[in-house]
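To be precise, the following lines are protein38.txt, and they hold compact mmCIF, N, CA and C atoms.
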# COMPACT_ATOMS: atom_id res chain seq x y z
N MET H 1 -3.39 78.55 -42.63
CA MET H 1 -3.05 78.10 -43.98
C MET H 1 -1.54 77.88 -44.03
N PHE H 2 -1.08 77.27 -45.07
CA PHE H 2 0.33 76.94 -45.25
C PHE H 2 0.93 77.84 -46.30
N GLU H 3 2.24 77.90 -46.33
CA GLU H 3 2.92 78.72 -47.32
C GLU H 3 2.96 78.02 -48.67
N ALA H 4 2.83 78.78 -49.74
CA ALA H 4 2.81 78.23 -51.09
C ALA H 4 4.09 77.47 -51.40
N ASP H 5 5.23 77.92 -50.90
CA ASP H 5 6.49 77.25 -51.17
C ASP H 5 6.54 75.85 -50.57
N ASN H 6 5.82 75.62 -49.51
CA ASN H 6 5.87 74.34 -48.81
C ASN H 6 4.85 73.32 -49.31
N ILE H 7 3.81 73.77 -49.98
CA ILE H 7 2.73 72.85 -50.35
C ILE H 7 3.21 71.75 -51.29
N ARG H 8 4.19 72.02 -52.13
CA ARG H 8 4.69 70.97 -53.02
C ARG H 8 5.28 69.81 -52.23
N ASP H 9 5.79 70.10 -51.03
CA ASP H 9 6.34 69.04 -50.18
C ASP H 9 5.27 68.05 -49.73
N TRP H 10 4.01 68.44 -49.82
CA TRP H 10 2.91 67.59 -49.36
C TRP H 10 2.39 66.66 -50.45
N ARG H 11 2.91 66.79 -51.65
CA ARG H 11 2.47 65.91 -52.74
C ARG H 11 2.69 64.46 -52.33
N GLY H 12 1.67 63.64 -52.53
CA GLY H 12 1.74 62.22 -52.16
C GLY H 12 1.23 61.94 -50.76
N HIS H 13 0.95 62.98 -49.98
CA HIS H 13 0.40 62.78 -48.64
C HIS H 13 -1.12 62.61 -48.71
N ASP H 14 -1.68 62.03 -47.66
CA ASP H 14 -3.12 61.85 -47.59
C ASP H 14 -3.84 63.18 -47.50
N VAL H 15 -5.02 63.23 -48.10
CA VAL H 15 -5.93 64.36 -47.95
C VAL H 15 -7.13 63.79 -47.20
N VAL H 16 -7.49 64.45 -46.10
CA VAL H 16 -8.59 63.97 -45.26
C VAL H 16 -9.65 65.05 -45.12
N ASP H 17 -10.87 64.61 -44.77
CA ASP H 17 -11.96 65.56 -44.57
C ASP H 17 -11.99 66.00 -43.10
N PRO H 18 -12.94 66.86 -42.72
CA PRO H 18 -12.97 67.36 -41.34
C PRO H 18 -13.08 66.26 -40.29
N GLY H 19 -13.68 65.13 -40.64
CA GLY H 19 -13.80 64.02 -39.71
C GLY H 19 -12.60 63.09 -39.69
N GLY H 20 -11.58 63.42 -40.49
CA GLY H 20 -10.38 62.59 -40.54
C GLY H 20 -10.47 61.43 -41.51
N HIS H 21 -11.54 61.36 -42.31
CA HIS H 21 -11.71 60.29 -43.29
C HIS H 21 -10.83 60.57 -44.51
N LYS H 22 -10.06 59.58 -44.91
CA LYS H 22 -9.18 59.76 -46.06
C LYS H 22 -10.00 59.90 -47.34
N ILE H 23 -9.69 60.96 -48.09
CA ILE H 23 -10.32 61.21 -49.38
C ILE H 23 -9.47 60.61 -50.49
N GLY H 24 -8.17 60.83 -50.40
CA GLY H 24 -7.23 60.37 -51.42
C GLY H 24 -5.86 60.91 -51.14
N THR H 25 -5.07 61.07 -52.21
CA THR H 25 -3.69 61.51 -52.11
C THR H 25 -3.50 62.82 -52.86
N LEU H 26 -2.79 63.77 -52.25
CA LEU H 26 -2.54 65.05 -52.90
C LEU H 26 -1.68 64.84 -54.13
N GLU H 27 -2.16 65.31 -55.27
CA GLU H 27 -1.44 65.14 -56.53
C GLU H 27 -0.79 66.44 -56.99
N ALA H 28 -1.55 67.54 -56.98
CA ALA H 28 -1.02 68.81 -57.45
C ALA H 28 -1.75 69.97 -56.80
N VAL H 29 -1.15 71.14 -56.92
CA VAL H 29 -1.74 72.38 -56.38
C VAL H 29 -1.97 73.33 -57.54
N TYR H 30 -3.12 73.98 -57.52
CA TYR H 30 -3.47 75.00 -58.51
C TYR H 30 -3.54 76.33 -57.78
N VAL H 31 -2.87 77.33 -58.34
CA VAL H 31 -2.89 78.65 -57.73
C VAL H 31 -3.88 79.54 -58.45
N ASP H 32 -4.37 80.54 -57.73
CA ASP H 32 -5.23 81.56 -58.31
C ASP H 32 -4.31 82.48 -59.11
N THR H 33 -4.56 82.62 -60.39
CA THR H 33 -3.68 83.41 -61.25
C THR H 33 -3.67 84.89 -60.89
N ALA H 34 -4.70 85.36 -60.19
CA ALA H 34 -4.74 86.77 -59.80
C ALA H 34 -3.84 87.05 -58.60
N THR H 35 -3.67 86.05 -57.72
CA THR H 35 -2.92 86.26 -56.49
C THR H 35 -1.66 85.41 -56.39
N ASP H 36 -1.56 84.39 -57.21
CA ASP H 36 -0.47 83.41 -57.17
C ASP H 36 -0.41 82.67 -55.84
N ARG H 37 -1.55 82.54 -55.18
CA ARG H 37 -1.65 81.79 -53.92
C ARG H 37 -2.37 80.47 -54.17
N PRO H 38 -2.06 79.43 -53.40
CA PRO H 38 -2.75 78.15 -53.57
C PRO H 38 -4.26 78.32 -53.42
N ALA H 39 -5.01 77.78 -54.37
CA ALA H 39 -6.46 77.91 -54.35
C ALA H 39 -7.16 76.56 -54.33
N PHE H 40 -6.69 75.62 -55.13
CA PHE H 40 -7.28 74.28 -55.22
C PHE H 40 -6.16 73.25 -55.25
N ALA H 41 -6.53 72.04 -54.89
CA ALA H 41 -5.62 70.91 -55.03
C ALA H 41 -6.35 69.84 -55.83
N THR H 42 -5.58 69.00 -56.50
CA THR H 42 -6.17 67.81 -57.10
C THR H 42 -5.80 66.65 -56.19
N VAL H 43 -6.78 65.77 -56.02
CA VAL H 43 -6.64 64.61 -55.14
C VAL H 43 -6.90 63.36 -55.97
N THR H 44 -6.00 62.40 -55.88
CA THR H 44 -6.16 61.13 -56.58
C THR H 44 -7.16 60.28 -55.80
N VAL H 45 -8.24 59.88 -56.48
CA VAL H 45 -9.28 59.04 -55.88
C VAL H 45 -9.61 57.90 -56.83
N GLY H 46 -10.34 56.91 -56.32
CA GLY H 46 -10.81 55.82 -57.16
C GLY H 46 -10.06 54.53 -56.92
N MET H 47 -10.50 53.53 -57.63
CA MET H 47 -9.89 52.20 -57.56
C MET H 47 -8.58 52.21 -58.35
N PRO H 48 -7.66 51.29 -58.03
CA PRO H 48 -6.38 51.28 -58.74
C PRO H 48 -6.49 51.24 -60.26
N THR H 49 -7.52 50.62 -60.79
CA THR H 49 -7.67 50.54 -62.24
C THR H 49 -8.47 51.70 -62.83
N ARG H 50 -9.07 52.54 -61.96
CA ARG H 50 -9.91 53.65 -62.43
C ARG H 50 -9.64 54.91 -61.63
N ARG H 51 -8.43 55.35 -61.60
CA ARG H 51 -8.06 56.55 -60.83
C ARG H 51 -8.46 57.81 -61.61
N ARG H 52 -8.76 58.85 -60.87
CA ARG H 52 -9.06 60.16 -61.45
C ARG H 52 -8.62 61.21 -60.45
N LEU H 53 -8.56 62.45 -60.91
CA LEU H 53 -8.18 63.56 -60.04
C LEU H 53 -9.38 64.46 -59.84
N VAL H 54 -9.74 64.71 -58.58
CA VAL H 54 -10.83 65.62 -58.26
C VAL H 54 -10.25 66.89 -57.65
N PHE H 55 -10.99 67.97 -57.79
CA PHE H 55 -10.55 69.27 -57.29
C PHE H 55 -11.17 69.56 -55.93
N VAL H 56 -10.39 70.16 -55.04
CA VAL H 56 -10.88 70.58 -53.72
C VAL H 56 -10.24 71.92 -53.37
N PRO H 57 -11.05 72.87 -52.85
CA PRO H 57 -10.49 74.16 -52.44
C PRO H 57 -9.52 73.99 -51.26
N LEU H 58 -8.51 74.84 -51.23
CA LEU H 58 -7.54 74.82 -50.14
C LEU H 58 -7.83 75.85 -49.05
N ALA H 59 -8.81 76.73 -49.26
CA ALA H 59 -9.16 77.70 -48.23
C ALA H 59 -9.57 76.96 -46.96
N GLY H 60 -8.96 77.32 -45.85
CA GLY H 60 -9.27 76.69 -44.57
C GLY H 60 -8.56 75.38 -44.32
N ALA H 61 -7.76 74.92 -45.27
CA ALA H 61 -7.05 73.65 -45.09
C ALA H 61 -5.96 73.79 -44.03
N THR H 62 -5.71 72.70 -43.33
CA THR H 62 -4.65 72.66 -42.32
C THR H 62 -3.78 71.44 -42.58
N VAL H 63 -2.56 71.49 -42.09
CA VAL H 63 -1.66 70.37 -42.26
C VAL H 63 -1.40 69.71 -40.92
N GLY H 64 -1.19 68.42 -40.98
CA GLY H 64 -0.84 67.63 -39.80
C GLY H 64 0.29 66.71 -40.18
N PRO H 65 0.70 65.86 -39.28
CA PRO H 65 1.80 64.94 -39.59
C PRO H 65 1.40 63.93 -40.67
N GLY H 66 1.79 64.21 -41.91
CA GLY H 66 1.53 63.29 -43.01
C GLY H 66 0.20 63.45 -43.70
N TYR H 67 -0.55 64.52 -43.39
CA TYR H 67 -1.83 64.70 -44.05
C TYR H 67 -2.16 66.18 -44.24
N LEU H 68 -3.09 66.41 -45.15
CA LEU H 68 -3.66 67.73 -45.40
C LEU H 68 -5.15 67.59 -45.13
N LYS H 69 -5.67 68.39 -44.21
CA LYS H 69 -7.10 68.32 -43.87
C LYS H 69 -7.82 69.48 -44.55
N VAL H 70 -8.82 69.16 -45.36
CA VAL H 70 -9.63 70.17 -46.04
C VAL H 70 -10.95 70.34 -45.29
N ILE H 71 -11.67 71.41 -45.57
CA ILE H 71 -12.90 71.69 -44.82
C ILE H 71 -14.15 71.08 -45.45
N HIS H 72 -13.99 70.40 -46.58
CA HIS H 72 -15.14 69.83 -47.28
C HIS H 72 -15.25 68.34 -46.99
N PRO H 73 -16.50 67.82 -46.86
CA PRO H 73 -16.68 66.40 -46.58
C PRO H 73 -16.26 65.52 -47.76
N LYS H 74 -15.88 64.32 -47.43
CA LYS H 74 -15.39 63.35 -48.41
C LYS H 74 -16.35 63.18 -49.58
N ASN H 75 -17.63 63.02 -49.32
CA ASN H 75 -18.60 62.80 -50.40
C ASN H 75 -18.66 63.98 -51.36
N GLN H 76 -18.58 65.19 -50.85
CA GLN H 76 -18.62 66.37 -51.72
C GLN H 76 -17.37 66.40 -52.60
N VAL H 77 -16.22 66.09 -52.03
CA VAL H 77 -14.98 66.11 -52.80
C VAL H 77 -15.01 65.03 -53.87
N LYS H 78 -15.44 63.84 -53.52
CA LYS H 78 -15.45 62.75 -54.50
C LYS H 78 -16.43 62.99 -55.64
N ASP H 79 -17.43 63.84 -55.41
CA ASP H 79 -18.40 64.18 -56.46
C ASP H 79 -17.99 65.42 -57.26
N ALA H 80 -16.84 65.99 -56.94
CA ALA H 80 -16.37 67.21 -57.60
C ALA H 80 -15.96 66.93 -59.04
N PRO H 81 -15.88 67.98 -59.86
CA PRO H 81 -15.38 67.81 -61.23
C PRO H 81 -14.01 67.13 -61.20
N ALA H 82 -13.79 66.26 -62.18
CA ALA H 82 -12.57 65.45 -62.19
C ALA H 82 -11.93 65.48 -63.57
N ILE H 83 -10.65 65.13 -63.58
CA ILE H 83 -9.90 64.96 -64.82
C ILE H 83 -9.16 63.63 -64.74
N ASP H 84 -8.71 63.14 -65.87
CA ASP H 84 -7.90 61.93 -65.89
C ASP H 84 -6.58 62.19 -65.18
N THR H 85 -5.94 61.14 -64.68
CA THR H 85 -4.69 61.32 -63.94
C THR H 85 -3.59 61.93 -64.79
N ASP H 86 -3.68 61.83 -66.10
CA ASP H 86 -2.69 62.45 -66.97
C ASP H 86 -3.29 63.62 -67.76
N GLY H 87 -4.47 64.07 -67.32
CA GLY H 87 -5.18 65.13 -68.04
C GLY H 87 -4.94 66.50 -67.45
N GLU H 88 -5.57 67.48 -68.05
CA GLU H 88 -5.53 68.83 -67.52
C GLU H 88 -6.93 69.41 -67.60
N LEU H 89 -7.19 70.39 -66.78
CA LEU H 89 -8.51 71.01 -66.71
C LEU H 89 -8.72 71.95 -67.89
N PRO H 90 -9.68 71.64 -68.77
CA PRO H 90 -9.96 72.55 -69.88
C PRO H 90 -10.51 73.88 -69.36
N ALA H 91 -10.14 74.96 -70.00
CA ALA H 91 -10.55 76.30 -69.57
C ALA H 91 -12.07 76.41 -69.44
N GLU H 92 -12.82 75.81 -70.35
CA GLU H 92 -14.28 75.93 -70.31
C GLU H 92 -14.91 75.17 -69.15
N GLU H 93 -14.16 74.26 -68.51
CA GLU H 93 -14.68 73.50 -67.37
C GLU H 93 -14.29 74.10 -66.03
N GLU H 94 -13.46 75.12 -66.06
CA GLU H 94 -12.99 75.76 -64.83
C GLU H 94 -14.14 76.30 -63.96
N PRO H 95 -15.15 77.00 -64.53
CA PRO H 95 -16.24 77.50 -63.69
C PRO H 95 -16.97 76.40 -62.92
N ALA H 96 -17.07 75.19 -63.48
CA ALA H 96 -17.77 74.10 -62.80
C ALA H 96 -17.09 73.70 -61.50
N VAL H 97 -15.77 73.83 -61.45
CA VAL H 97 -15.04 73.51 -60.22
C VAL H 97 -15.48 74.46 -59.10
N PHE H 98 -15.57 75.73 -59.41
CA PHE H 98 -15.98 76.73 -58.43
C PHE H 98 -17.45 76.53 -58.04
N THR H 99 -18.30 76.29 -59.04
CA THR H 99 -19.73 76.12 -58.79
C THR H 99 -20.00 74.93 -57.87
N HIS H 100 -19.25 73.85 -58.04
CA HIS H 100 -19.46 72.66 -57.21
C HIS H 100 -19.33 72.98 -55.72
N TYR H 101 -18.45 73.89 -55.39
CA TYR H 101 -18.23 74.27 -53.99
C TYR H 101 -18.92 75.58 -53.62
N GLU H 102 -19.83 76.05 -54.49
CA GLU H 102 -20.59 77.27 -54.27
C GLU H 102 -19.68 78.48 -54.08
N LEU H 103 -18.62 78.54 -54.88
CA LEU H 103 -17.68 79.66 -54.87
C LEU H 103 -17.91 80.49 -56.12
N SER H 104 -17.74 81.79 -56.00
CA SER H 104 -17.92 82.64 -57.17
C SER H 104 -16.73 82.47 -58.12
N TYR H 105 -17.02 82.55 -59.40
CA TYR H 105 -15.99 82.41 -60.43
C TYR H 105 -15.91 83.69 -61.23
N GLN H 106 -14.73 84.23 -61.34
CA GLN H 106 -14.50 85.43 -62.12
C GLN H 106 -13.21 85.23 -62.92
N PRO H 107 -13.30 85.11 -64.26
CA PRO H 107 -12.06 84.99 -65.03
C PRO H 107 -11.27 86.29 -64.97
N GLY H 108 -10.03 86.23 -65.40
CA GLY H 108 -9.18 87.42 -65.41
C GLY H 108 -9.78 88.51 -66.28
N ALA H 109 -9.28 89.73 -66.12
CA ALA H 109 -9.79 90.89 -66.85
C ALA H 109 -9.75 90.68 -68.35
N GLY H 110 -8.75 89.96 -68.85
CA GLY H 110 -8.64 89.69 -70.27
C GLY H 110 -9.23 88.35 -70.65
N GLY H 111 -10.03 87.76 -69.75
CA GLY H 111 -10.64 86.46 -70.02
C GLY H 111 -9.72 85.28 -69.73
N GLU H 112 -8.55 85.56 -69.13
CA GLU H 112 -7.61 84.47 -68.87
C GLU H 112 -8.11 83.55 -67.76
N ARG H 113 -7.50 82.40 -67.72
CA ARG H 113 -7.87 81.37 -66.75
C ARG H 113 -7.66 81.86 -65.32
N ARG H 114 -8.41 81.26 -64.42
CA ARG H 114 -8.31 81.61 -63.01
C ARG H 114 -7.37 80.69 -62.26
N LEU H 115 -7.19 79.45 -62.75
CA LEU H 115 -6.36 78.47 -62.06
C LEU H 115 -5.17 78.07 -62.92
N ALA H 116 -4.03 77.90 -62.26
CA ALA H 116 -2.82 77.43 -62.94
C ALA H 116 -2.15 76.38 -62.06
N ARG H 117 -1.75 75.29 -62.67
CA ARG H 117 -1.11 74.22 -61.92
C ARG H 117 0.33 74.60 -61.58
N ARG H 118 0.73 74.28 -60.36
CA ARG H 118 2.11 74.54 -59.92
C ARG H 118 2.73 73.27 -59.42
Please re-express this file's structure in structure tokens.
Amino acid sequence: MFEADNIRDWRGHDVVDPGGHKIGTLEAVYVDTATDRPAFATVTVGMPTRRRLVFVPLAGATVGPGYLKVIHPKNQVKDAPAIDTDGELPAEEEPAVFTHYELSYQPGAGGERRLARR
């Protein structure tokens, strides 16, 4: 895995699946509010006139020259919950991001959000 301080440097780089197929471009990183470690990224996908941001887990991701490789296949990522390019993830939709990747979701002890954009 990569260090949280360095992940912002990868914004705008390609995000690829395990087979090296380009999924899109890294837009932002979301950290787990319990650990303050990178947990998900948003990836810009779609046609130039219909862009959206999809979520992909960063667990198991690796970096290469000019790209970030995630462990999930392109089709799964493109079918993930999405937001508008200028939108934000509503708190009530946060569990769906985890469910899409078969990850357990547990809000904070006080009901606070699990993901925060950095």
Spatial neighbours of Ile23 in chain H, max dist 8 Å, all atoms listed in the file, sep filter under 6 positions, as a list of chain:residue names:
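Listing them by chain and then by number gives H:Asp14, H:Val15, H:Val16, H:Asp17, H:Val43, H:Thr44, H:Val45, H:Gly46, H:Pro73, H:Lys74, H:Asn75, H:Val77, H:Lys78.
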Can you pull out the residues contacting range 35-41 of chain H? Cut-off 8 Å, using only N, CA and C atoms, and skip same-chain residues under 4 positions away; I want them as a ChimeraX atom specification.
/H:2-5,26-31,53-59,114-116
With N, CA and C atoms retained, write the just-selected residues as a PDB file, in the coordinates of the input.
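Once everything was written out, this is part_12.pdb:
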ATOM      1  N   PHE H   2      -1.080  77.270 -45.070  1.00  0.00           N
ATOM      2  CA  PHE H   2       0.330  76.940 -45.250  1.00  0.00           C
ATOM      3  C   PHE H   2       0.930  77.840 -46.300  1.00  0.00           C
ATOM      4  N   GLU H   3       2.240  77.900 -46.330  1.00  0.00           N
ATOM      5  CA  GLU H   3       2.920  78.720 -47.320  1.00  0.00           C
ATOM      6  C   GLU H   3       2.960  78.020 -48.670  1.00  0.00           C
ATOM      7  N   ALA H   4       2.830  78.780 -49.740  1.00  0.00           N
ATOM      8  CA  ALA H   4       2.810  78.230 -51.090  1.00  0.00           C
ATOM      9  C   ALA H   4       4.090  77.470 -51.400  1.00  0.00           C
ATOM     10  N   ASP H   5       5.230  77.920 -50.900  1.00  0.00           N
ATOM     11  CA  ASP H   5       6.490  77.250 -51.170  1.00  0.00           C
ATOM     12  C   ASP H   5       6.540  75.850 -50.570  1.00  0.00           C
ATOM     13  N   LEU H  26      -2.790  63.770 -52.250  1.00  0.00           N
ATOM     14  CA  LEU H  26      -2.540  65.050 -52.900  1.00  0.00           C
ATOM     15  C   LEU H  26      -1.680  64.840 -54.130  1.00  0.00           C
ATOM     16  N   GLU H  27      -2.160  65.310 -55.270  1.00  0.00           N
ATOM     17  CA  GLU H  27      -1.440  65.140 -56.530  1.00  0.00           C
ATOM     18  C   GLU H  27      -0.790  66.440 -56.990  1.00  0.00           C
ATOM     19  N   ALA H  28      -1.550  67.540 -56.980  1.00  0.00           N
ATOM     20  CA  ALA H  28      -1.020  68.810 -57.450  1.00  0.00           C
ATOM     21  C   ALA H  28      -1.750  69.970 -56.800  1.00  0.00           C
ATOM     22  N   VAL H  29      -1.150  71.140 -56.920  1.00  0.00           N
ATOM     23  CA  VAL H  29      -1.740  72.380 -56.380  1.00  0.00           C
ATOM     24  C   VAL H  29      -1.970  73.330 -57.540  1.00  0.00           C
ATOM     25  N   TYR H  30      -3.120  73.980 -57.520  1.00  0.00           N
ATOM     26  CA  TYR H  30      -3.470  75.000 -58.510  1.00  0.00           C
ATOM     27  C   TYR H  30      -3.540  76.330 -57.780  1.00  0.00           C
ATOM     28  N   VAL H  31      -2.870  77.330 -58.340  1.00  0.00           N
ATOM     29  CA  VAL H  31      -2.890  78.650 -57.730  1.00  0.00           C
ATOM     30  C   VAL H  31      -3.880  79.540 -58.450  1.00  0.00           C
ATOM     31  N   LEU H  53      -8.560  62.450 -60.910  1.00  0.00           N
ATOM     32  CA  LEU H  53      -8.180  63.560 -60.040  1.00  0.00           C
ATOM     33  C   LEU H  53      -9.380  64.460 -59.840  1.00  0.00           C
ATOM     34  N   VAL H  54      -9.740  64.710 -58.580  1.00  0.00           N
ATOM     35  CA  VAL H  54     -10.830  65.620 -58.260  1.00  0.00           C
ATOM     36  C   VAL H  54     -10.250  66.890 -57.650  1.00  0.00           C
ATOM     37  N   PHE H  55     -10.990  67.970 -57.790  1.00  0.00           N
ATOM     38  CA  PHE H  55     -10.550  69.270 -57.290  1.00  0.00           C
ATOM     39  C   PHE H  55     -11.170  69.560 -55.930  1.00  0.00           C
ATOM     40  N   VAL H  56     -10.390  70.160 -55.040  1.00  0.00           N
ATOM     41  CA  VAL H  56     -10.880  70.580 -53.720  1.00  0.00           C
ATOM     42  C   VAL H  56     -10.240  71.920 -53.370  1.00  0.00           C
ATOM     43  N   PRO H  57     -11.050  72.870 -52.850  1.00  0.00           N
ATOM     44  CA  PRO H  57     -10.490  74.160 -52.440  1.00  0.00           C
ATOM     45  C   PRO H  57      -9.520  73.990 -51.260  1.00  0.00           C
ATOM     46  N   LEU H  58      -8.510  74.840 -51.230  1.00  0.00           N
ATOM     47  CA  LEU H  58      -7.540  74.820 -50.140  1.00  0.00           C
ATOM     48  C   LEU H  58      -7.830  75.850 -49.050  1.00  0.00           C
ATOM     49  N   ALA H  59      -8.810  76.730 -49.260  1.00  0.00           N
ATOM     50  CA  ALA H  59      -9.160  77.700 -48.230  1.00  0.00           C
ATOM     51  C   ALA H  59      -9.570  76.960 -46.960  1.00  0.00           C
ATOM     52  N   ARG H 114      -8.410  81.260 -64.420  1.00  0.00           N
ATOM     53  CA  ARG H 114      -8.310  81.610 -63.010  1.00  0.00           C
ATOM     54  C   ARG H 114      -7.370  80.690 -62.260  1.00  0.00           C
ATOM     55  N   LEU H 115      -7.190  79.450 -62.750  1.00  0.00           N
ATOM     56  CA  LEU H 115      -6.360  78.470 -62.060  1.00  0.00           C
ATOM     57  C   LEU H 115      -5.170  78.070 -62.920  1.00  0.00           C
ATOM     58  N   ALA H 116      -4.030  77.900 -62.260  1.00  0.00           N
ATOM     59  CA  ALA H 116      -2.820  77.430 -62.940  1.00  0.00           C
ATOM     60  C   ALA H 116      -2.150  76.380 -62.060  1.00  0.00           C
TER      61      ALA H 116
END
Where does DSSP see strand (DSSP E) in chain H, if you list the residues as a ChimeraX atom specification?
/H:14-16,22-32,37-45,52-57,62-64,67-69,82-84,115-117
Once you have the residues from the selection above, write them out as a compact mmCIF listing (two decimals), in the frame of the given file, restricted to N, CA and C atoms.
# COMPACT_ATOMS: atom_id res chain seq x y z
N ASP H 14 -1.68 62.03 -47.66
CA ASP H 14 -3.12 61.85 -47.59
C ASP H 14 -3.84 63.18 -47.50
N VAL H 15 -5.02 63.23 -48.10
CA VAL H 15 -5.93 64.36 -47.95
C VAL H 15 -7.13 63.79 -47.20
N VAL H 16 -7.49 64.45 -46.10
CA VAL H 16 -8.59 63.97 -45.26
C VAL H 16 -9.65 65.05 -45.12
N LYS H 22 -10.06 59.58 -44.91
CA LYS H 22 -9.18 59.76 -46.06
C LYS H 22 -10.00 59.90 -47.34
N ILE H 23 -9.69 60.96 -48.09
CA ILE H 23 -10.32 61.21 -49.38
C ILE H 23 -9.47 60.61 -50.49
N GLY H 24 -8.17 60.83 -50.40
CA GLY H 24 -7.23 60.37 -51.42
C GLY H 24 -5.86 60.91 -51.14
N THR H 25 -5.07 61.07 -52.21
CA THR H 25 -3.69 61.51 -52.11
C THR H 25 -3.50 62.82 -52.86
N LEU H 26 -2.79 63.77 -52.25
CA LEU H 26 -2.54 65.05 -52.90
C LEU H 26 -1.68 64.84 -54.13
N GLU H 27 -2.16 65.31 -55.27
CA GLU H 27 -1.44 65.14 -56.53
C GLU H 27 -0.79 66.44 -56.99
N ALA H 28 -1.55 67.54 -56.98
CA ALA H 28 -1.02 68.81 -57.45
C ALA H 28 -1.75 69.97 -56.80
N VAL H 29 -1.15 71.14 -56.92
CA VAL H 29 -1.74 72.38 -56.38
C VAL H 29 -1.97 73.33 -57.54
N TYR H 30 -3.12 73.98 -57.52
CA TYR H 30 -3.47 75.00 -58.51
C TYR H 30 -3.54 76.33 -57.78
N VAL H 31 -2.87 77.33 -58.34
CA VAL H 31 -2.89 78.65 -57.73
C VAL H 31 -3.88 79.54 -58.45
N ASP H 32 -4.37 80.54 -57.73
CA ASP H 32 -5.23 81.56 -58.31
C ASP H 32 -4.31 82.48 -59.11
N ARG H 37 -1.55 82.54 -55.18
CA ARG H 37 -1.65 81.79 -53.92
C ARG H 37 -2.37 80.47 -54.17
N PRO H 38 -2.06 79.43 -53.40
CA PRO H 38 -2.75 78.15 -53.57
C PRO H 38 -4.26 78.32 -53.42
N ALA H 39 -5.01 77.78 -54.37
CA ALA H 39 -6.46 77.91 -54.35
C ALA H 39 -7.16 76.56 -54.33
N PHE H 40 -6.69 75.62 -55.13
CA PHE H 40 -7.28 74.28 -55.22
C PHE H 40 -6.16 73.25 -55.25
N ALA H 41 -6.53 72.04 -54.89
CA ALA H 41 -5.62 70.91 -55.03
C ALA H 41 -6.35 69.84 -55.83
N THR H 42 -5.58 69.00 -56.50
CA THR H 42 -6.17 67.81 -57.10
C THR H 42 -5.80 66.65 -56.19
N VAL H 43 -6.78 65.77 -56.02
CA VAL H 43 -6.64 64.61 -55.14
C VAL H 43 -6.90 63.36 -55.97
N THR H 44 -6.00 62.40 -55.88
CA THR H 44 -6.16 61.13 -56.58
C THR H 44 -7.16 60.28 -55.80
N VAL H 45 -8.24 59.88 -56.48
CA VAL H 45 -9.28 59.04 -55.88
C VAL H 45 -9.61 57.90 -56.83
N ARG H 52 -8.76 58.85 -60.87
CA ARG H 52 -9.06 60.16 -61.45
C ARG H 52 -8.62 61.21 -60.45
N LEU H 53 -8.56 62.45 -60.91
CA LEU H 53 -8.18 63.56 -60.04
C LEU H 53 -9.38 64.46 -59.84
N VAL H 54 -9.74 64.71 -58.58
CA VAL H 54 -10.83 65.62 -58.26
C VAL H 54 -10.25 66.89 -57.65
N PHE H 55 -10.99 67.97 -57.79
CA PHE H 55 -10.55 69.27 -57.29
C PHE H 55 -11.17 69.56 -55.93
N VAL H 56 -10.39 70.16 -55.04
CA VAL H 56 -10.88 70.58 -53.72
C VAL H 56 -10.24 71.92 -53.37
N PRO H 57 -11.05 72.87 -52.85
CA PRO H 57 -10.49 74.16 -52.44
C PRO H 57 -9.52 73.99 -51.26
N THR H 62 -5.71 72.70 -43.33
CA THR H 62 -4.65 72.66 -42.32
C THR H 62 -3.78 71.44 -42.58
N VAL H 63 -2.56 71.49 -42.09
CA VAL H 63 -1.66 70.37 -42.26
C VAL H 63 -1.40 69.71 -40.92
N GLY H 64 -1.19 68.42 -40.98
CA GLY H 64 -0.84 67.63 -39.80
C GLY H 64 0.29 66.71 -40.18
N TYR H 67 -0.55 64.52 -43.39
CA TYR H 67 -1.83 64.70 -44.05
C TYR H 67 -2.16 66.18 -44.24
N LEU H 68 -3.09 66.41 -45.15
CA LEU H 68 -3.66 67.73 -45.40
C LEU H 68 -5.15 67.59 -45.13
N LYS H 69 -5.67 68.39 -44.21
CA LYS H 69 -7.10 68.32 -43.87
C LYS H 69 -7.82 69.48 -44.55
N ALA H 82 -13.79 66.26 -62.18
CA ALA H 82 -12.57 65.45 -62.19
C ALA H 82 -11.93 65.48 -63.57
N ILE H 83 -10.65 65.13 -63.58
CA ILE H 83 -9.90 64.96 -64.82
C ILE H 83 -9.16 63.63 -64.74
N ASP H 84 -8.71 63.14 -65.87
CA ASP H 84 -7.90 61.93 -65.89
C ASP H 84 -6.58 62.19 -65.18
N LEU H 115 -7.19 79.45 -62.75
CA LEU H 115 -6.36 78.47 -62.06
C LEU H 115 -5.17 78.07 -62.92
N ALA H 116 -4.03 77.90 -62.26
CA ALA H 116 -2.82 77.43 -62.94
C ALA H 116 -2.15 76.38 -62.06
N ARG H 117 -1.75 75.29 -62.67
CA ARG H 117 -1.11 74.22 -61.92
C ARG H 117 0.33 74.60 -61.58
Can you list, as a PyMOL selection string, every residue of range 8-99 of chain H that DSSP puts in helix (DSSP H, G or I)?
chain H and resi 8-10+74-78+91-99
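Taking only N, CA and C atoms into account, the residues near (-1.2, 64.7, -42.2), no farther than 8 Å, are His13, Asp14, Val15, Val16, Thr62, Val63, Gly64, Pro65, Gly66, Tyr67, Leu68 and Lys69 of chain H.
Computed from the coordinates, the atom N of Pro18 in chain H to atom N of Ala91 in chain H distance equals 28.6 Å.
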Compare H:Arg113, H:Asp79, H:Gly108, H:Arg52 by their minimum atom-to-atom distance to Glu94 in chain H, counting all atoms listed in the file, and give me the closest one.
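Looking only at the distances to Glu94 in chain H, the closest residue turns out to be H:Arg113.
The two atoms in question, atom N of Arg118 in chain H and atom N of Arg50 in chain H, are spaced 23.9 Å apart.
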What gap, in Å, lies between atom C of Gly111 in chain H and atom C of Gly87 in chain H?
19.5 Å
How big is the axis-aligned box, and where does its centre sit, when it encloses all atoms of range 67-84 of chain H listed in the file and has 6 Å added on every side, reported in Å to one decimal as lines of an AutoDock Vina configuration file?
center_x = -9.6
center_y = 66.8
center_z = -54.6
size_x = 30.1
size_y = 21.8
size_z = 34.5
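Of the residues listed (H:Thr33, H:Asp84, H:Thr49, H:Lys22), H:Thr33 shows the shortest atom-to-atom separation from Glu112 in chain H; distances use all atoms listed in the file.
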